[in-house]
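Peer 1: This is work_36.tsv (TSV, C-alpha atoms).
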```tsv
chain	number	residue	atom	x	y	z
A	1	MET	CA	14.72	-53.81	-18.26
A	2	VAL	CA	14.15	-50.02	-17.95
A	3	ALA	CA	12.37	-49.00	-14.77
A	4	TYR	CA	8.97	-47.35	-15.15
A	5	THR	CA	10.18	-44.26	-13.27
A	6	GLY	CA	13.06	-43.95	-15.71
A	7	ILE	CA	10.55	-43.57	-18.56
A	8	GLN	CA	7.73	-41.68	-16.88
A	9	GLY	CA	9.60	-39.69	-14.21
A	10	GLN	CA	8.58	-39.20	-10.60
A	11	ASN	CA	5.09	-38.55	-9.30
A	12	ILE	CA	4.37	-34.96	-8.23
A	13	LEU	CA	3.41	-34.61	-4.60
A	14	ILE	CA	-0.10	-33.25	-3.99
A	15	VAL	CA	-0.45	-31.18	-0.80
A	16	SER	CA	-3.07	-28.87	0.69
A	17	SER	CA	-0.44	-26.31	1.76
A	18	ASP	CA	3.09	-25.45	0.64
A	19	PRO	CA	5.87	-27.45	2.39
A	20	SER	CA	7.41	-25.56	5.35
A	21	ASP	CA	10.96	-26.65	4.49
A	22	PRO	CA	11.25	-27.47	0.77
A	23	THR	CA	14.52	-28.41	-0.93
A	24	GLU	CA	15.92	-26.75	-4.05
A	25	GLY	CA	14.29	-28.19	-7.18
A	26	GLN	CA	11.32	-29.68	-5.33
A	27	ILE	CA	7.97	-29.48	-7.16
A	28	TRP	CA	4.47	-29.99	-5.77
A	29	TYR	CA	0.81	-29.35	-6.56
A	30	ASN	CA	-1.11	-27.21	-4.05
A	31	SER	CA	-4.68	-28.54	-4.07
A	32	THR	CA	-5.98	-25.54	-2.12
A	33	SER	CA	-4.76	-22.88	-4.56
A	34	ASN	CA	-4.85	-25.29	-7.54
A	35	LEU	CA	-1.34	-24.23	-8.52
A	36	LEU	CA	1.77	-26.17	-9.54
A	37	LYS	CA	4.70	-24.82	-7.53
A	38	GLY	CA	8.43	-25.27	-7.15
A	39	TYR	CA	11.33	-24.15	-4.95
A	40	GLN	CA	13.99	-22.55	-7.12
A	41	PHE	CA	16.80	-19.99	-7.22
A	42	VAL	CA	15.55	-16.51	-8.11
A	43	ALA	CA	17.96	-13.84	-9.34
A	44	ALA	CA	18.19	-10.49	-7.55
A	45	ALA	CA	16.04	-7.76	-9.09
A	46	TRP	CA	14.40	-4.36	-8.71
A	47	ALA	CA	10.64	-4.21	-9.26
A	48	SER	CA	8.47	-1.13	-9.60
A	49	GLY	CA	6.22	-0.41	-6.64
A	50	GLY	CA	3.30	1.97	-6.38
A	51	ASN	CA	4.13	5.65	-6.80
A	52	LEU	CA	4.16	8.04	-3.87
A	53	ASN	CA	1.09	10.28	-3.74
A	54	THR	CA	3.30	13.29	-2.99
A	55	ALA	CA	6.52	13.71	-4.95
A	56	ARG	CA	9.45	14.38	-2.65
A	57	GLY	CA	13.21	14.38	-2.26
A	58	PHE	CA	15.90	15.98	-0.09
A	59	THR	CA	16.07	13.12	2.38
A	60	PRO	CA	12.47	12.44	3.40
A	61	GLY	CA	11.97	10.78	6.77
A	62	ASN	CA	11.49	7.03	6.64
A	63	ALA	CA	10.77	4.10	8.92
A	64	GLY	CA	9.93	0.44	8.54
A	65	THR	CA	10.63	-2.31	6.05
A	66	GLN	CA	10.22	-3.07	2.36
A	67	THR	CA	6.62	-4.21	2.80
A	68	ALA	CA	5.58	-1.98	5.71
A	69	ALA	CA	7.16	1.46	5.35
A	70	LEU	CA	6.37	5.05	6.26
A	71	ALA	CA	7.54	8.13	4.32
A	72	PHE	CA	7.18	11.62	5.76
A	73	GLY	CA	8.51	15.10	5.16
A	74	GLY	CA	11.08	15.90	2.47
A	75	ALA	CA	10.67	18.63	-0.16
A	76	ASN	CA	8.55	19.20	-3.28
A	77	PRO	CA	10.35	21.58	-3.85
A	78	ALA	CA	9.49	23.37	-0.59
A	79	PRO	CA	9.49	21.31	2.63
A	80	THR	CA	6.36	19.16	2.94
A	81	ALA	CA	4.42	17.68	5.87
A	82	ALA	CA	2.90	14.88	3.76
A	83	SER	CA	3.01	11.40	5.30
A	84	GLU	CA	2.31	8.09	3.54
A	85	SER	CA	2.19	4.40	4.46
A	86	TYR	CA	3.37	1.59	2.14
A	87	ASN	CA	1.98	-1.96	2.27
A	88	GLY	CA	4.32	-3.59	-0.25
A	89	THR	CA	2.09	-2.63	-3.17
A	90	SER	CA	0.85	0.94	-2.85
A	91	TRP	CA	1.16	4.13	-0.79
A	92	THR	CA	-1.77	5.45	1.27
A	93	ASN	CA	-1.90	8.99	2.60
A	94	THR	CA	-1.88	9.23	6.39
A	95	PRO	CA	-2.42	12.33	8.54
A	96	SER	CA	0.42	14.78	7.89
A	97	LEU	CA	3.25	15.87	10.13
A	98	ASN	CA	2.37	18.95	12.16
A	99	THR	CA	5.58	20.65	10.99
A	100	ALA	CA	6.59	20.55	7.31
A	101	ARG	CA	10.32	19.90	6.98
A	102	LYS	CA	13.18	18.49	4.93
A	103	TYR	CA	16.56	17.08	5.98
A	104	LEU	CA	14.94	15.68	9.12
A	105	ALA	CA	16.10	12.77	11.26
A	106	SER	CA	13.88	9.73	11.77
A	107	CYS	CA	13.71	6.23	13.19
A	108	GLY	CA	11.25	3.51	14.17
A	109	THR	CA	8.73	1.36	12.35
A	110	GLN	CA	5.67	1.90	10.15
A	111	THR	CA	3.40	2.05	13.19
A	112	SER	CA	5.80	3.56	15.74
A	113	ALA	CA	7.98	6.30	14.23
A	114	LEU	CA	9.87	9.38	15.41
A	115	ALA	CA	10.63	12.56	13.42
A	116	PHE	CA	12.90	15.28	14.77
A	117	GLY	CA	14.81	18.33	13.58
A	118	GLY	CA	15.02	19.49	9.96
A	119	VAL	CA	14.48	22.65	7.91
A	120	ASP	CA	11.03	24.28	7.59
A	121	PRO	CA	9.53	26.20	4.60
A	122	GLY	CA	11.01	29.42	6.00
A	123	ASP	CA	14.50	27.86	5.75
A	124	SER	CA	14.85	27.81	9.55
A	125	ARG	CA	16.16	24.86	11.54
A	126	VAL	CA	13.47	23.32	13.74
A	127	SER	CA	13.53	21.51	17.07
A	128	SER	CA	10.06	19.99	16.62
A	129	THR	CA	9.75	16.33	17.60
A	130	GLU	CA	6.76	14.21	16.51
A	131	LEU	CA	5.64	10.67	17.24
A	132	TYR	CA	3.57	8.45	14.92
A	133	ASN	CA	1.39	5.72	16.48
A	134	GLY	CA	0.14	4.07	13.30
A	135	THR	CA	-2.78	6.47	13.02
A	136	SER	CA	-1.58	10.05	13.47
A	137	TRP	CA	1.38	12.30	14.27
A	138	THR	CA	1.54	14.00	17.69
A	139	SER	CA	3.86	16.92	18.41
A	140	ASN	CA	5.83	16.35	21.57
A	141	PRO	CA	5.46	19.23	24.06
A	142	THR	CA	9.23	19.62	24.20
A	143	GLY	CA	11.36	19.34	21.08
A	144	LEU	CA	15.10	19.13	20.72
A	145	GLY	CA	16.97	21.53	22.95
A	146	THR	CA	18.99	22.64	19.91
A	147	ALA	CA	17.19	23.15	16.59
A	148	ARG	CA	19.20	21.58	13.75
A	149	ASN	CA	19.23	19.46	10.61
A	150	VAL	CA	21.40	16.73	9.01
A	151	ILE	CA	21.76	15.12	12.43
A	152	GLY	CA	23.55	11.92	13.37
A	153	ASP	CA	21.32	9.48	15.21
A	154	ALA	CA	21.12	5.97	16.63
A	155	GLY	CA	18.28	4.10	18.31
A	156	THR	CA	14.51	3.58	18.23
A	157	GLN	CA	11.31	5.57	18.71
A	158	THR	CA	11.57	5.22	22.49
A	159	ALA	CA	15.36	5.30	22.98
A	160	THR	CA	17.28	7.52	20.58
A	161	LEU	CA	20.50	9.51	20.56
A	162	ALA	CA	20.77	12.68	18.41
A	163	PHE	CA	24.23	14.14	17.86
A	164	GLY	CA	25.83	16.85	15.76
A	165	GLY	CA	24.08	18.64	12.91
A	166	ARG	CA	23.85	22.17	11.63
A	167	ASN	CA	22.16	24.97	13.56
A	168	SER	CA	21.72	28.01	11.27
A	169	THR	CA	25.29	28.79	10.16
A	170	THR	CA	27.10	26.85	12.88
A	171	PHE	CA	27.99	23.20	13.23
A	172	THR	CA	27.05	21.79	16.58
A	173	ALA	CA	28.50	19.09	18.81
A	174	VAL	CA	25.37	18.98	20.97
A	175	THR	CA	24.12	15.50	21.89
A	176	GLU	CA	20.65	14.78	23.25
A	177	SER	CA	19.07	11.57	24.53
A	178	TRP	CA	15.40	10.68	23.97
A	179	ASN	CA	13.57	8.43	26.44
A	180	GLY	CA	10.27	8.17	24.59
A	181	THR	CA	8.87	11.27	26.27
A	182	SER	CA	11.48	14.04	26.22
A	183	TRP	CA	15.00	14.99	25.16
A	184	SER	CA	17.77	15.48	27.72
A	185	PRO	CA	21.10	17.20	26.99
A	186	VAL	CA	24.08	14.91	27.57
A	187	SER	CA	27.82	15.19	26.92
A	188	SER	CA	28.63	16.75	23.53
A	189	LEU	CA	30.67	15.34	20.69
A	190	ASN	CA	34.33	16.34	20.77
A	191	THR	CA	34.07	17.47	17.13
A	192	GLY	CA	31.00	19.43	16.06
A	193	ARG	CA	29.85	18.60	12.51
A	194	SER	CA	26.89	17.90	10.25
A	195	GLY	CA	26.23	15.26	7.61
A	196	LEU	CA	27.92	12.61	9.75
A	197	GLU	CA	26.96	8.95	9.98
A	198	GLY	CA	25.93	7.08	13.10
A	199	ALA	CA	25.66	3.41	14.04
A	200	GLY	CA	24.69	1.43	17.11
A	201	THR	CA	22.21	2.20	19.88
A	202	GLN	CA	21.30	4.91	22.36
A	203	THR	CA	23.80	3.55	24.89
A	204	ALA	CA	26.52	2.26	22.54
A	205	ALA	CA	26.84	4.49	19.48
A	206	LEU	CA	29.45	5.36	16.87
A	207	ALA	CA	29.77	8.74	15.12
A	208	PHE	CA	32.03	9.14	12.09
A	209	GLY	CA	32.77	11.47	9.19
A	210	GLY	CA	30.77	14.59	8.36
A	211	ALA	CA	31.67	18.15	7.46
A	212	THR	CA	32.02	21.69	8.77
A	213	TYR	CA	31.68	23.77	5.62
A	214	THR	CA	28.99	26.00	4.13
A	215	PRO	CA	27.76	26.24	0.52
A	216	ALA	CA	29.52	29.63	0.28
A	217	GLN	CA	32.91	28.06	0.95
A	218	PRO	CA	34.92	26.82	-2.05
A	219	GLY	CA	35.70	23.16	-2.52
A	220	THR	CA	35.09	20.80	0.37
A	221	THR	CA	36.80	22.61	3.23
A	222	GLY	CA	36.03	21.00	6.55
A	223	LEU	CA	35.42	17.35	5.63
A	224	GLN	CA	35.94	15.17	8.70
A	225	THR	CA	37.60	11.86	9.53
A	226	ALA	CA	36.78	12.08	13.25
A	227	THR	CA	35.40	8.91	14.85
A	228	GLU	CA	33.88	8.93	18.33
A	229	LEU	CA	32.40	6.23	20.58
A	230	TRP	CA	29.47	6.78	22.97
A	231	ASN	CA	29.23	4.65	26.12
A	232	GLY	CA	25.88	5.92	27.36
A	233	THR	CA	27.48	8.77	29.27
A	234	SER	CA	30.16	10.47	27.17
A	235	TRP	CA	31.93	10.51	23.80
A	236	THR	CA	35.52	9.34	23.41
A	237	SER	CA	37.52	10.39	20.34
A	238	ASN	CA	39.18	7.40	18.75
A	239	PRO	CA	42.95	7.89	18.24
A	240	THR	CA	42.51	7.22	14.53
A	241	GLY	CA	39.56	8.28	12.40
A	242	LEU	CA	38.40	7.39	8.91
A	243	ASN	CA	41.23	7.08	6.40
A	244	THR	CA	39.22	9.20	3.93
A	245	ALA	CA	37.43	12.35	5.15
A	246	ARG	CA	33.91	12.51	3.74
A	247	CYS	CA	30.23	13.38	4.06
A	248	ASN	CA	27.06	12.38	2.14
A	249	PHE	CA	28.02	8.71	2.46
A	250	ILE	CA	26.45	5.54	3.85
A	251	GLY	CA	27.25	4.08	7.24
A	252	CYS	CA	25.78	0.89	8.68
A	253	GLY	CA	26.40	-1.67	11.40
A	254	THR	CA	27.08	-1.40	15.13
A	255	GLN	CA	29.47	0.39	17.46
A	256	THR	CA	31.97	-2.47	17.16
A	257	ALA	CA	31.41	-3.62	13.56
A	258	ALA	CA	30.56	-0.90	11.03
A	259	LEU	CA	30.96	-0.12	7.34
A	260	GLY	CA	31.26	3.25	5.55
A	261	PHE	CA	31.15	3.65	1.77
A	262	GLY	CA	30.84	6.25	-0.98
A	263	GLY	CA	30.40	9.94	-0.23
A	264	TYR	CA	31.74	13.40	-1.03
A	265	VAL	CA	35.52	13.84	-0.79
A	266	THR	CA	38.31	16.25	-1.73
A	267	THR	CA	40.10	14.91	-4.78
A	268	PRO	CA	42.01	16.87	-5.93
A	269	PRO	CA	42.32	19.49	-3.16
A	270	GLY	CA	39.83	22.30	-3.55
A	271	ALA	CA	37.41	20.36	-5.77
A	272	GLY	CA	34.58	18.09	-4.80
A	273	ALA	CA	34.42	14.54	-6.08
A	274	GLN	CA	32.47	11.36	-5.56
A	275	SER	CA	34.14	8.54	-3.67
A	276	ALA	CA	34.18	4.77	-4.12
A	277	VAL	CA	36.26	4.23	-0.97
A	278	THR	CA	34.94	1.65	1.51
A	279	GLU	CA	36.17	1.31	5.09
A	280	SER	CA	35.50	-1.36	7.69
A	281	TRP	CA	35.45	-0.68	11.48
A	282	ASN	CA	36.42	-3.39	13.99
A	283	GLY	CA	35.68	-1.50	17.20
A	284	SER	CA	39.07	0.22	17.42
A	285	SER	CA	40.17	1.28	13.93
A	286	TRP	CA	39.10	1.73	10.31
A	287	THR	CA	40.62	-0.36	7.52
A	288	THR	CA	40.33	0.64	3.86
A	289	VAL	CA	38.95	-2.37	1.99
A	290	ASN	CA	37.86	-3.00	-1.60
A	291	SER	CA	36.12	0.02	-3.14
A	292	LEU	CA	32.71	0.35	-4.74
A	293	ASN	CA	32.86	-0.20	-8.50
A	294	THR	CA	30.96	3.06	-9.07
A	295	ALA	CA	32.05	6.16	-7.11
A	296	ARG	CA	29.00	8.09	-5.85
A	297	ARG	CA	27.44	10.20	-3.10
A	298	LEU	CA	23.89	10.79	-1.85
A	299	LEU	CA	23.24	7.09	-2.46
A	300	GLY	CA	20.98	4.59	-0.75
A	301	GLY	CA	22.24	1.74	1.36
A	302	ALA	CA	21.26	-1.03	3.74
A	303	GLY	CA	22.81	-3.90	5.64
A	304	VAL	CA	25.57	-4.62	8.13
A	305	GLN	CA	29.37	-4.75	8.10
A	306	THR	CA	29.54	-8.13	6.36
A	307	ALA	CA	26.51	-7.95	4.03
A	308	ALA	CA	25.51	-4.60	2.56
A	309	LEU	CA	23.81	-3.05	-0.46
A	310	GLY	CA	24.63	0.24	-2.20
A	311	PHE	CA	22.29	1.69	-4.84
A	312	GLY	CA	21.63	4.84	-6.81
A	313	GLY	CA	23.37	8.13	-6.07
A	314	TYR	CA	25.02	11.08	-7.78
A	315	VAL	CA	28.04	10.28	-9.97
A	316	GLY	CA	28.75	13.79	-11.32
A	317	PRO	CA	27.40	14.72	-13.68
A	318	GLY	CA	24.08	12.95	-13.38
A	319	ASN	CA	22.76	10.06	-11.33
A	320	THR	CA	23.16	6.30	-11.47
A	321	GLY	CA	20.92	3.30	-10.91
A	322	ALA	CA	23.87	0.94	-10.36
A	323	THR	CA	23.39	-1.57	-7.55
A	324	GLU	CA	26.26	-3.27	-5.74
A	325	SER	CA	26.35	-6.04	-3.15
A	326	TRP	CA	29.00	-6.32	-0.39
A	327	ASN	CA	29.90	-9.78	0.95
A	328	GLY	CA	32.32	-8.71	3.66
A	329	THR	CA	35.28	-8.73	1.28
A	330	SER	CA	34.37	-7.06	-2.00
A	331	TRP	CA	31.63	-5.30	-3.95
A	332	THR	CA	29.91	-6.96	-6.90
A	333	THR	CA	28.03	-4.89	-9.47
A	334	LEU	CA	24.73	-6.68	-9.98
A	335	PRO	CA	23.03	-7.04	-13.39
A	336	ALA	CA	19.84	-5.55	-11.96
A	337	THR	CA	19.86	-1.73	-11.92
A	338	MET	CA	17.27	0.76	-10.73
A	339	ALA	CA	14.74	1.73	-13.40
A	340	VAL	CA	14.87	5.36	-12.20
A	341	VAL	CA	18.33	6.82	-11.60
A	342	ARG	CA	18.22	9.01	-8.50
A	343	ASN	CA	19.98	10.67	-5.58
A	344	ASN	CA	18.88	12.21	-2.28
A	345	PHE	CA	15.98	9.76	-1.92
A	346	GLY	CA	14.30	7.82	0.88
A	347	SER	CA	15.09	4.20	1.58
A	348	ALA	CA	14.14	1.46	4.04
A	349	GLY	CA	14.60	-2.24	4.58
A	350	THR	CA	17.57	-4.60	4.53
A	351	GLU	CA	20.33	-5.81	2.22
A	352	ALA	CA	18.04	-8.61	1.00
A	353	ALA	CA	14.76	-6.64	0.86
A	354	ALA	CA	15.12	-2.88	0.33
A	355	LEU	CA	12.84	-0.04	-0.71
A	356	ALA	CA	13.75	3.18	-2.55
A	357	PHE	CA	11.30	6.06	-2.98
A	358	GLY	CA	11.29	9.65	-4.18
A	359	GLN	CA	14.34	11.50	-5.48
A	360	GLY	CA	15.95	14.94	-5.42
A	361	PRO	CA	14.58	17.47	-6.04
A	362	ALA	CA	11.17	15.71	-6.11
A	363	GLY	CA	9.93	12.37	-7.45
A	364	VAL	CA	7.22	9.77	-6.91
A	365	SER	CA	8.86	6.57	-8.17
A	366	THR	CA	9.12	3.60	-5.81
A	367	GLU	CA	11.23	0.49	-6.38
A	368	GLU	CA	11.52	-2.73	-4.38
A	369	TRP	CA	14.74	-4.75	-4.18
A	370	THR	CA	14.73	-8.50	-3.65
A	371	GLY	CA	18.11	-10.17	-3.26
A	372	ALA	CA	19.02	-13.47	-4.90
A	373	ALA	CA	17.56	-16.36	-2.95
A	374	LEU	CA	15.72	-19.66	-3.07
A	375	ALA	CA	12.01	-19.01	-3.21
A	376	VAL	CA	8.65	-20.68	-3.85
A	377	ARG	CA	7.43	-19.90	-7.35
A	378	THR	CA	4.29	-20.81	-9.33
A	379	ILE	CA	5.08	-22.96	-12.36
A	380	THR	CA	3.20	-22.22	-15.57
A	381	THR	CA	2.87	-24.72	-18.39
A	382	SER	CA	2.21	-22.37	-21.26
```
Will you turn the file into structure tokens for me?
Peer 2:
Amino acid sequence: MVAYTGIQGQNILIVSSDPSDPTEGQIWYNSTSNLLKGYQFVAAAWASGGNLNTARGFTPGNAGTQTAALAFGGANPAPTAASESYNGTSWTNTPSLNTARKYLASCGTQTSALAFGGVDPGDSRVSSTELYNGTSWTSNPTGLGTARNVIGDAGTQTATLAFGGRNSTTFTAVTESWNGTSWSPVSSLNTGRSGLEGAGTQTAALAFGGATYTPAQPGTTGLQTATELWNGTSWTSNPTGLNTARCNFIGCGTQTAALGFGGYVTTPPGAGAQSAVTESWNGSSWTTVNSLNTARRLLGGAGVQTAALGFGGYVGPGNTGATESWNGTSWTTLPATMAVVRNNFGSAGTEAAALAFGQGPAGVSTEEWTGAALAVRTITTS
């Protein structure tokens, strides 16, 4: 005899709230929301978010997460002071920065952010430092000791390290430490440079790559491989640097476990090119690992050494919306691409939940990335 359940199937559980620990394929009826729901695998995808109120590019400042972000500064096409808060759906104007700027450094969260350095509308490097408390920006009485832009940094709103950068026509090695109230000069980098990447914290940082060339110089003279470690007191040059000298790339991770990918390189000598090279840092040396599938610079990125995301960027000529996921061993080009191809944009979030906004020279588009995962979804019957 055939069992009744074999003909009719299983009963659907009726609950007043969604299960706290559902299993894949589980289905239930939520009597509070009057919705049929299930726990299923959802493919990774980009979704359009609300547009910025002020179009901007040229590396706007950013802080926060995919659903609670802050965007400030950048250019449109001149440096702007505009500041906006994102709630996962739309951007809301907040009080502006006191100093308009592009190519600034930033860190923190949506309600506790720090902005420092950059280039003002008069094309001068600034030392201005501002703090955001969730309501307004306040200029700190003392800014950076050395005005500069394209700075390397590591830390939080109350404990940050700023190192390197460009001061007018020179490339500086100056390092300053922020304690939440003021900047203090500390031991300088051994190699002055701008456009470098940083990882780690205020007391255990890593500085790598960068450049010491000007737009007037031909090719990519001055690209750097130098890697230095900060112990809270001084910088130590690592015996071996990056295997591929570069700038305009992505770096992520910690002082002992970092990843660098993409960027601007010299191939062939005397001509600039986009790179797909990826290198992994184990605390003592860099190892060249599997490359990105799409060579690019001025891209967005998020994650850690073993799980990262690379998206957008300049491929020469033009931009790309290609998105790639790193699993610690190799990059996979994902079917989902950005709806708006872009470079030199703002980004926030993590490898599994990222945010991209604006674009060079100025744009308003916002896109949200959600990585592949099991998730609760409403089931429709029509």
Peer 1: Using all atoms listed in the file, pick whichever of A:Ser325, A:Asn11, A:Thr89, A:Ser291 has the shortest atom-to-atom distance to A:Thr337.
Peer 2: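 Among the listed residues, A:Ser325 lies closest to A:Thr337.
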Peer 1: Write out as a PyMOL selection string which residues come within 12 Å of A:Gln305 when counting all atoms listed in the file, dropping same-chain ones fewer than 2 positions away.
Peer 2: chain A and resi 199-200+250-261+278-283+286+289+301-303+307-309+325-330+351
Peer 1: Pick the closest to A:Ser284 from A:Leu206, A:Ile379, A:Ala322, A:Ala348: which is it, counting all atoms listed in the file?
Peer 2: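 Answer, going by the shortest atom-to-atom distance: A:Leu206.
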Peer 1: May I have the protein, DNA and RNA residues with an atom at most 9 Å from (39.8, 18.3, 5.5), counting all atoms listed in the file in the file's coordinates, returned as a PyMOL selection string?
Peer 2: chain A and resi 211+220-225+245-246+265-266
Peer 1: For stretch 38-54 of chain A, find every residue with an atom within 6 Å (counting all atoms listed in the file), except residues of its own chain fewer than 2 positions away, and show them as number ranges by chain.
Peer 2: A: 24-27, 89-91, 336, 364-377
Peer 1: Kindly indicate which residue among A:Cys107, A:Leu292, A:Asn243, A:Ser17 lies nearest to A:Trp331, using all atoms listed in the file for the distances.
Peer 2: A:Leu292
Peer 1: Between atom CA of A:Leu298 and atom CA of A:Asn248, what distance in Å does the model show, to one decimal?
Peer 2: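 Atom CA of A:Asn248 lies 5.3 Å from atom CA of A:Leu298.
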Peer 1: Which polymer residues have any atom within 8 Å of an atom of A:Ser177, counting only C-alpha atoms, with same-chain residues fewer than 4 positions away left out, as a compact mmCIF listing (two decimals) with C-alpha atoms, keeping the file's coordinate frame?
Peer 2:
```txt
# COMPACT_ATOMS: atom_id res chain seq x y z
CA ALA A 159 15.36 5.30 22.98
CA THR A 160 17.28 7.52 20.58
CA LEU A 161 20.50 9.51 20.56
CA ALA A 162 20.77 12.68 18.41
CA TRP A 183 15.00 14.99 25.16
CA SER A 184 17.77 15.48 27.72
CA PRO A 185 21.10 17.20 26.99
CA VAL A 186 24.08 14.91 27.57
CA GLN A 202 21.30 4.91 22.36
```
Peer 1: What's the 8 Å shell around A:Gly152, counting only C-alpha atoms, without same-chain residues fewer than 2 positions away, as an MDAnalysis selection string?
Peer 2: chainID A and resid 105 150 154 162:165 194:198 207
Peer 1: Have a look at A:Gly143, A:Tyr29, A:Pro239, A:Cys247 and name the one nearest to A:Ala273; count all atoms listed in the file.
Peer 2: A:Cys247
Peer 1: Please report the interatomic distance between atom CA of A:Phe116 and atom CA of A:Thr129 in Å with one decimal.
Peer 2: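 A separation of 4.4 Å between them.
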Peer 1: Using Å and a single decimal, report how far atom CA of A:Pro19 sits from atom CA of A:Thr32.
Peer 2: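 The value is 12.8 Å.
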Peer 1: Select, from A:Trp28, A:Tyr264, A:Phe72, A:Tyr132, the residue with the minimum atom-to-atom distance to A:Gly358, counting all atoms listed in the file.
Peer 2: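 So, comparing all the options, the nearest one is A:Phe72.
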